[in-house]
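**Student:** Below you'll find work_22.cif; it's mmCIF, C-alpha atoms.
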```
data_query
#
loop_
_atom_site.label_atom_id
_atom_site.label_comp_id
_atom_site.auth_asym_id
_atom_site.auth_seq_id
_atom_site.Cartn_x
_atom_site.Cartn_y
_atom_site.Cartn_z
CA MET A 1 -9.44 66.37 -60.15
CA THR A 2 -6.40 64.31 -59.16
CA THR A 3 -7.07 61.22 -57.05
CA LYS A 4 -4.85 61.06 -53.99
CA ARG A 5 -3.86 58.43 -51.46
CA CYS A 6 -3.06 59.50 -47.90
CA PHE A 7 -0.20 58.00 -45.91
CA GLY A 8 0.73 57.66 -42.27
CA SER A 9 3.98 58.79 -40.71
CA GLY A 10 7.38 57.30 -39.88
CA VAL A 11 10.61 56.25 -41.53
CA LEU A 12 11.35 52.63 -42.40
CA HIS A 13 14.65 50.95 -43.23
CA TRP A 14 14.78 47.55 -44.93
CA VAL A 15 18.00 45.78 -43.89
CA GLY A 16 19.79 49.12 -44.03
CA LEU A 17 19.72 49.17 -47.84
CA LEU A 18 16.05 49.20 -48.87
CA ALA A 19 15.08 52.54 -47.30
CA VAL A 20 11.36 53.28 -47.24
CA LEU A 21 10.10 56.80 -46.61
CA ILE A 22 6.53 57.22 -45.38
CA LEU A 23 5.50 60.82 -45.74
CA ALA A 24 4.18 62.34 -42.52
CA GLY A 25 0.50 63.11 -42.93
CA ALA A 26 0.99 63.63 -46.67
CA CYS A 27 -1.35 62.88 -49.57
CA VAL A 28 0.39 61.72 -52.75
CA PRO A 29 -1.18 61.45 -56.23
CA VAL A 30 -1.79 57.92 -57.52
CA ASP A 31 0.40 58.73 -60.54
CA TYR A 32 3.26 59.64 -58.17
CA GLU A 33 6.55 59.57 -60.10
CA THR A 34 9.43 57.26 -59.20
CA PRO A 35 11.33 58.90 -56.31
CA ALA A 36 15.08 59.00 -55.78
CA LEU A 37 16.88 55.66 -55.82
CA GLY A 38 16.35 53.85 -52.52
CA THR A 39 13.39 55.97 -51.45
CA VAL A 40 9.81 54.72 -51.87
CA VAL A 41 6.39 55.60 -50.52
CA VAL A 42 4.32 53.10 -48.51
CA GLY A 43 0.74 53.77 -47.52
CA GLY A 44 -0.46 53.72 -43.93
CA GLY A 45 -1.37 50.16 -42.97
CA GLU A 46 0.02 48.70 -46.19
CA GLU A 47 2.54 45.86 -46.35
CA ILE A 48 6.12 46.44 -47.43
CA GLN A 49 6.45 44.46 -50.63
CA ILE A 50 9.80 42.98 -51.68
CA ARG A 51 10.56 40.36 -54.32
CA ALA A 52 13.19 37.63 -54.56
CA LEU A 53 14.79 36.89 -57.94
CA GLY A 54 16.75 33.64 -58.20
CA ALA A 55 17.72 30.73 -60.43
CA LEU A 56 15.00 28.23 -59.59
CA THR A 57 15.61 25.90 -62.55
CA ARG A 58 19.08 26.14 -64.12
CA ALA A 59 21.60 26.44 -61.25
CA GLY A 60 18.71 25.89 -58.87
CA GLU A 61 21.18 24.82 -56.21
CA LEU A 62 21.96 28.53 -55.92
CA GLY A 63 18.54 30.10 -56.26
CA VAL A 64 16.29 27.76 -54.30
CA PRO A 65 18.22 28.07 -51.00
CA ASN A 66 18.38 31.85 -51.50
CA GLN A 67 14.62 32.04 -52.00
CA ARG A 68 13.99 29.98 -48.89
CA GLY A 69 16.47 32.09 -46.94
CA VAL A 70 14.63 35.28 -47.87
CA GLY A 71 11.37 33.74 -46.68
CA LEU A 72 12.94 32.74 -43.37
CA ALA A 73 14.48 36.21 -42.93
CA VAL A 74 11.15 37.94 -43.58
CA ALA A 75 9.39 35.70 -41.06
CA ASP A 76 12.14 36.12 -38.47
CA TYR A 77 12.45 39.92 -38.78
CA GLY A 78 8.72 40.53 -38.52
CA PRO A 79 6.91 43.85 -39.05
CA ILE A 80 8.79 47.11 -39.57
CA LYS A 81 7.26 50.14 -37.84
CA GLY A 82 3.97 48.28 -37.76
CA HIS A 83 4.09 47.33 -41.44
CA GLY A 84 4.12 43.65 -42.37
CA VAL A 85 6.70 42.55 -44.93
CA SER A 86 5.73 40.30 -47.84
CA MET A 87 7.96 38.78 -50.53
CA GLY A 88 5.26 37.38 -52.80
CA ALA A 89 6.06 34.52 -55.16
CA GLY A 90 9.70 33.92 -56.05
CA LEU A 91 10.68 34.90 -59.60
CA ASP A 92 12.91 32.63 -61.69
CA SER A 93 15.80 34.61 -63.21
CA LEU A 94 17.00 31.40 -64.94
CA CYS A 95 20.72 32.18 -64.50
CA SER A 96 20.58 33.97 -67.85
CA ALA A 97 20.48 37.52 -69.20
CA GLU A 98 17.02 36.94 -70.67
CA GLY A 99 15.73 35.54 -67.40
CA GLY A 100 17.18 38.37 -65.34
CA ALA A 101 15.65 41.03 -67.59
CA ALA A 102 12.26 39.29 -67.67
CA ALA A 103 12.17 38.90 -63.88
CA ALA A 104 13.10 42.57 -63.39
CA ARG A 105 10.32 43.68 -65.74
CA THR A 106 7.86 41.49 -63.85
CA VAL A 107 8.85 43.31 -60.65
CA LEU A 108 8.18 46.67 -62.30
CA GLY A 109 4.69 45.47 -63.15
CA ASP A 110 3.78 45.69 -59.47
CA ALA A 111 3.99 49.28 -58.23
CA ARG A 112 3.86 48.11 -54.59
CA VAL A 113 7.35 46.56 -54.70
CA VAL A 114 9.99 48.61 -52.87
CA GLY A 115 13.10 46.48 -53.44
CA VAL A 116 14.54 43.20 -54.63
CA ILE A 117 16.72 40.43 -53.20
CA GLY A 118 18.63 38.78 -56.04
CA THR A 119 19.81 37.52 -58.37
CA SER A 120 21.62 34.17 -58.03
CA CYS A 121 23.87 34.52 -61.11
CA SER A 122 26.00 37.41 -62.31
CA VAL A 123 24.71 37.17 -65.88
CA ALA A 124 21.14 37.69 -64.64
CA ALA A 125 22.20 40.53 -62.34
CA ALA A 126 23.93 42.35 -65.20
CA ALA A 127 20.63 42.35 -67.10
CA ALA A 128 18.32 43.09 -64.16
CA ALA A 129 20.36 45.84 -62.47
CA PRO A 130 19.94 48.59 -65.09
CA ILE A 131 16.18 47.97 -65.31
CA LEU A 132 15.64 48.10 -61.55
CA SER A 133 18.07 50.98 -60.94
CA GLU A 134 16.42 53.14 -63.58
CA ALA A 135 13.09 52.50 -61.88
CA GLY A 136 14.51 53.66 -58.52
CA LEU A 137 14.62 50.20 -56.93
CA VAL A 138 17.49 48.71 -54.94
CA MET A 139 18.64 45.14 -55.56
CA VAL A 140 20.62 43.34 -52.84
CA ALA A 141 22.39 40.28 -54.26
CA PRO A 142 23.32 37.22 -52.18
CA SER A 143 25.60 35.35 -54.57
CA THR A 144 26.59 37.33 -57.69
CA THR A 145 30.37 37.74 -57.59
CA SER A 146 31.51 39.10 -60.96
CA PRO A 147 33.91 42.06 -60.60
CA SER A 148 32.05 43.81 -63.43
CA LEU A 149 29.03 44.31 -61.15
CA THR A 150 30.89 46.48 -58.64
CA SER A 151 34.52 47.58 -58.96
CA ASP A 152 38.13 46.71 -59.69
CA LEU A 153 39.02 47.14 -55.97
CA ARG A 154 40.71 50.44 -56.80
CA GLY A 155 37.50 52.44 -56.98
CA GLY A 156 36.89 52.02 -60.69
CA ALA A 157 33.29 51.04 -61.50
CA GLY A 158 32.80 47.75 -63.31
CA SER A 159 31.30 47.60 -66.79
CA ASN A 160 27.97 46.25 -65.43
CA TYR A 161 27.76 48.50 -62.35
CA HIS A 162 24.51 50.36 -61.65
CA PRO A 163 23.85 52.46 -58.54
CA GLY A 164 20.91 50.38 -57.31
CA TYR A 165 22.97 47.19 -57.14
CA HIS A 166 24.51 46.00 -53.88
CA ARG A 167 25.81 42.58 -52.91
CA VAL A 168 26.69 40.67 -49.78
CA ALA A 169 28.92 38.16 -51.62
CA SER A 170 32.63 38.62 -52.23
CA ASN A 171 34.14 40.17 -55.37
CA ASP A 172 35.71 37.39 -57.48
CA LEU A 173 38.96 39.34 -57.64
CA TYR A 174 39.63 38.00 -54.15
CA GLN A 175 38.89 34.42 -55.17
CA ALA A 176 41.13 34.78 -58.23
CA GLU A 177 44.04 36.06 -56.14
CA ALA A 178 43.64 33.21 -53.65
CA VAL A 179 43.56 30.53 -56.37
CA ALA A 180 46.55 32.06 -58.17
CA ASP A 181 48.58 32.14 -54.96
CA PHE A 182 47.66 28.53 -54.14
CA VAL A 183 48.50 27.24 -57.61
CA TYR A 184 51.78 29.13 -57.95
CA ASN A 185 53.17 29.04 -54.42
CA GLU A 186 51.60 25.93 -52.87
CA LEU A 187 51.35 23.59 -55.86
CA GLY A 188 54.38 25.02 -57.64
CA LEU A 189 52.71 25.04 -61.07
CA ARG A 190 53.86 27.50 -63.73
CA ARG A 191 51.61 26.76 -66.72
CA MET A 192 47.82 26.72 -66.38
CA ALA A 193 44.82 26.54 -68.69
CA ALA A 194 41.44 28.09 -67.82
CA VAL A 195 38.01 27.69 -69.40
CA HIS A 196 35.05 30.09 -69.35
CA ASP A 197 31.68 30.24 -71.12
CA GLY A 198 31.54 33.97 -71.85
CA ASP A 199 29.13 35.11 -69.14
CA PRO A 200 30.09 37.79 -66.58
CA TYR A 201 30.83 35.30 -63.80
CA THR A 202 32.97 32.76 -65.67
CA SER A 203 34.77 35.24 -67.92
CA GLY A 204 35.35 37.70 -65.07
CA LEU A 205 36.83 35.06 -62.76
CA THR A 206 38.97 33.62 -65.57
CA ALA A 207 40.34 37.05 -66.49
CA ALA A 208 41.04 37.89 -62.85
CA PHE A 209 42.82 34.56 -62.30
CA LYS A 210 44.93 35.05 -65.43
CA ALA A 211 45.98 38.54 -64.32
CA ALA A 212 46.82 37.45 -60.76
CA TYR A 213 48.67 34.30 -61.84
CA GLU A 214 50.71 35.99 -64.53
CA GLU A 215 51.68 38.74 -62.09
CA LEU A 216 53.24 35.98 -59.97
CA GLY A 217 55.20 34.71 -62.99
CA GLY A 218 52.99 31.96 -64.39
CA SER A 219 51.26 31.67 -67.77
CA VAL A 220 47.61 30.92 -68.55
CA ALA A 221 46.11 29.60 -71.79
CA VAL A 222 42.44 30.64 -71.92
CA ALA A 223 39.78 28.73 -73.86
CA MET A 224 36.06 29.31 -74.23
CA VAL A 225 33.10 26.94 -74.50
CA ASN A 226 29.44 27.73 -75.14
CA LYS A 227 26.67 27.06 -72.68
CA GLY A 228 25.15 23.70 -73.56
CA ASP A 229 28.23 22.31 -75.32
CA THR A 230 28.77 18.58 -74.81
CA ASP A 231 31.53 17.76 -77.30
CA MET A 232 34.61 19.20 -75.60
CA ILE A 233 37.30 17.42 -77.62
CA PRO A 234 38.05 20.49 -79.84
CA VAL A 235 38.57 22.83 -76.87
CA LEU A 236 40.52 20.18 -74.98
CA THR A 237 42.79 19.69 -77.98
CA GLU A 238 43.36 23.46 -78.01
CA ILE A 239 44.21 23.36 -74.31
CA ALA A 240 46.61 20.42 -74.74
CA ALA A 241 48.63 22.37 -77.31
CA ALA A 242 49.67 24.77 -74.53
CA SER A 243 51.08 21.90 -72.40
CA PRO A 244 49.48 23.10 -69.14
CA GLU A 245 50.22 21.57 -65.76
CA GLY A 246 46.80 22.36 -64.38
CA LEU A 247 43.24 23.23 -65.44
CA PHE A 248 41.10 25.93 -63.80
CA LEU A 249 37.36 25.50 -64.46
CA PRO A 250 35.28 28.40 -63.09
CA ILE A 251 32.25 27.21 -65.10
CA PHE A 252 28.91 25.53 -64.41
CA PRO A 253 28.47 21.76 -63.89
CA GLU A 254 26.66 21.29 -67.21
CA GLU A 255 29.81 22.23 -69.13
CA ALA A 256 32.43 21.20 -66.58
CA GLY A 257 31.20 17.59 -66.49
CA PRO A 258 31.91 16.82 -70.17
CA ILE A 259 35.31 18.54 -69.92
CA LEU A 260 36.31 16.38 -66.97
CA ARG A 261 35.02 13.16 -68.54
CA GLN A 262 36.56 13.76 -71.96
CA SER A 263 39.93 15.12 -70.80
CA SER A 264 41.24 11.55 -70.47
CA GLU A 265 40.69 11.10 -74.21
CA VAL A 266 43.15 13.86 -75.15
CA GLU A 267 46.86 13.17 -74.92
CA GLY A 268 48.63 15.18 -72.25
CA LEU A 269 45.55 16.04 -70.20
CA ALA A 270 44.83 12.88 -68.22
CA GLY A 271 47.11 13.75 -65.29
CA LEU A 272 46.38 17.46 -64.99
CA VAL A 273 45.72 19.11 -61.64
CA ARG A 274 42.10 20.26 -61.80
CA ILE A 275 40.72 23.18 -59.81
CA GLY A 276 37.08 24.25 -59.72
CA GLY A 277 35.61 27.67 -59.16
CA SER A 278 33.13 28.32 -56.38
CA LEU A 279 30.41 26.39 -58.26
CA ILE A 280 32.37 23.24 -59.11
CA PRO A 281 33.65 20.80 -56.47
CA ILE A 282 36.36 18.76 -58.25
#
```
Would you give me this structure, written as structure tokens?

**Tutor:**
Amino acid sequence: MTTKRCFGSGVLHWVGLLAVLILAGACVPVDYETPALGTVVVGGGEEIQIRALGALTRAGELGVPNQRGVGLAVADYGPIKGHGVSMGAGLDSLCSAEGGAAAARTVLGDARVVGVIGTSCSVAAAAAAPILSEAGLVMVAPSTTSPSLTSDLRGGAGSNYHPGYHRVASNDLYQAEAVADFVYNELGLRRMAAVHDGDPYTSGLTAAFKAAYEELGGSVAVAMVNKGDTDMIPVLTEIAAASPEGLFLPIFPEEAGPILRQSSEVEGLAGLVRIGGSLIPI
């Protein structure tokens, strides 16, 4: 005999994106299969469970405010159709692919969860999105901006796009176009260098800047560092060989700091115009 749980009636909507369907007077088996993406079943009198995934350690300046913001939003919004909303403990996605995947799998371990707010970093979102989407869960991201997560602005899906992923932050293609226009038309520079660390955010923004800047008539020499690198003299020497007039650094502080400090040690780089991405105030 199949054990069943009985539910109340009504239709719930979580911030317009996390839609929750409560079946009217229905009884659903405990082993109920994952429903269509964005549709979940909540029992009568039960809380609506969401989870927040964010970078709480590395790049914590992104994740910690997001986590607190989710808590404030839950408290401010209050119950939905008589159902309380709970976010549980925040999950650290570590601003890494491994952290994003691990946090997503932790979410799947709790069958009560109906949706996710997160992640903080694009690299974590690229790993978490396929796991959550396949499970029928929606993820609404507050700060992941890589073009690969959504589209090329012409309707073409990005390489890391999955149907359960949505974001309320801007696509970095817009940031890249704005920076390129500023550098070329306002600063009058024609030769730039740009540095990325290979993850979806830094590489995506670098590629988008290069495309936008070269379309205007400039040239960009692109170099790559590894996360955790501290000796930047080799990459700075490579950059200097291109004789750039400016340096675009859409990377994280841990790698940007050594580049900025050591650039004075390499001939031709001391007087460069330096421009940070959205994470680096320079």

**Student:** If the PyMOL selection byres ((chain A and resi 173) around 8) were run on this exact file, what residues would it hold? Put them as a PyMOL selection string.

**Tutor:** chain A and resi 147+152-153+171-172+174-177+205+208-209

**Student:** From the options A:Val85, A:Tyr213, A:Arg167, A:Ala135, which residue's atoms come nearest to A:Leu72, counting all atoms listed in the file?

**Tutor:**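 Of all the options, A:Val85 lies closest to A:Leu72.
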
**Student:** Name every residue that the PyMOL selection byres ((chain A and resi 256-273) around 8) selects in this structure, writing the answer as an NGL selection string with chains first and numbers rising.

**Tutor:** :A and (230-233 or 236-237 or 240 or 243-247 or 249 or 251-255 or 274-275 or 280)

**Student:** Using only C-alpha atoms, please write the residues we just selected to a file, as a short mmCIF file (atom, residue, chain, number, x, y, z; two decimals), in the coordinates of the input.

**Tutor:**
```cif
data_model
loop_
_atom_site.label_atom_id
_atom_site.label_comp_id
_atom_site.auth_asym_id
_atom_site.auth_seq_id
_atom_site.Cartn_x
_atom_site.Cartn_y
_atom_site.Cartn_z
CA THR A 230 28.77 18.58 -74.81
CA ASP A 231 31.53 17.76 -77.30
CA MET A 232 34.61 19.20 -75.60
CA ILE A 233 37.30 17.42 -77.62
CA LEU A 236 40.52 20.18 -74.98
CA THR A 237 42.79 19.69 -77.98
CA ALA A 240 46.61 20.42 -74.74
CA SER A 243 51.08 21.90 -72.40
CA PRO A 244 49.48 23.10 -69.14
CA GLU A 245 50.22 21.57 -65.76
CA GLY A 246 46.80 22.36 -64.38
CA LEU A 247 43.24 23.23 -65.44
CA LEU A 249 37.36 25.50 -64.46
CA ILE A 251 32.25 27.21 -65.10
CA PHE A 252 28.91 25.53 -64.41
CA PRO A 253 28.47 21.76 -63.89
CA GLU A 254 26.66 21.29 -67.21
CA GLU A 255 29.81 22.23 -69.13
CA ARG A 274 42.10 20.26 -61.80
CA ILE A 275 40.72 23.18 -59.81
CA ILE A 280 32.37 23.24 -59.11
#
```

**Student:** So what do you get for atom CA of A:Leu187 versus atom CA of A:Gly204, distance-wise?

**Tutor:** 23.2 Å

**Student:** Have a look at A:Ala157, A:Ala212, A:Met139, A:Leu53 and name the one nearest to A:Cys121; count all atoms listed in the file.

**Tutor:**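 Of A:Ala157, A:Ala212, A:Met139, A:Leu53, the one nearest A:Cys121 is A:Leu53, counting all atoms listed in the file.
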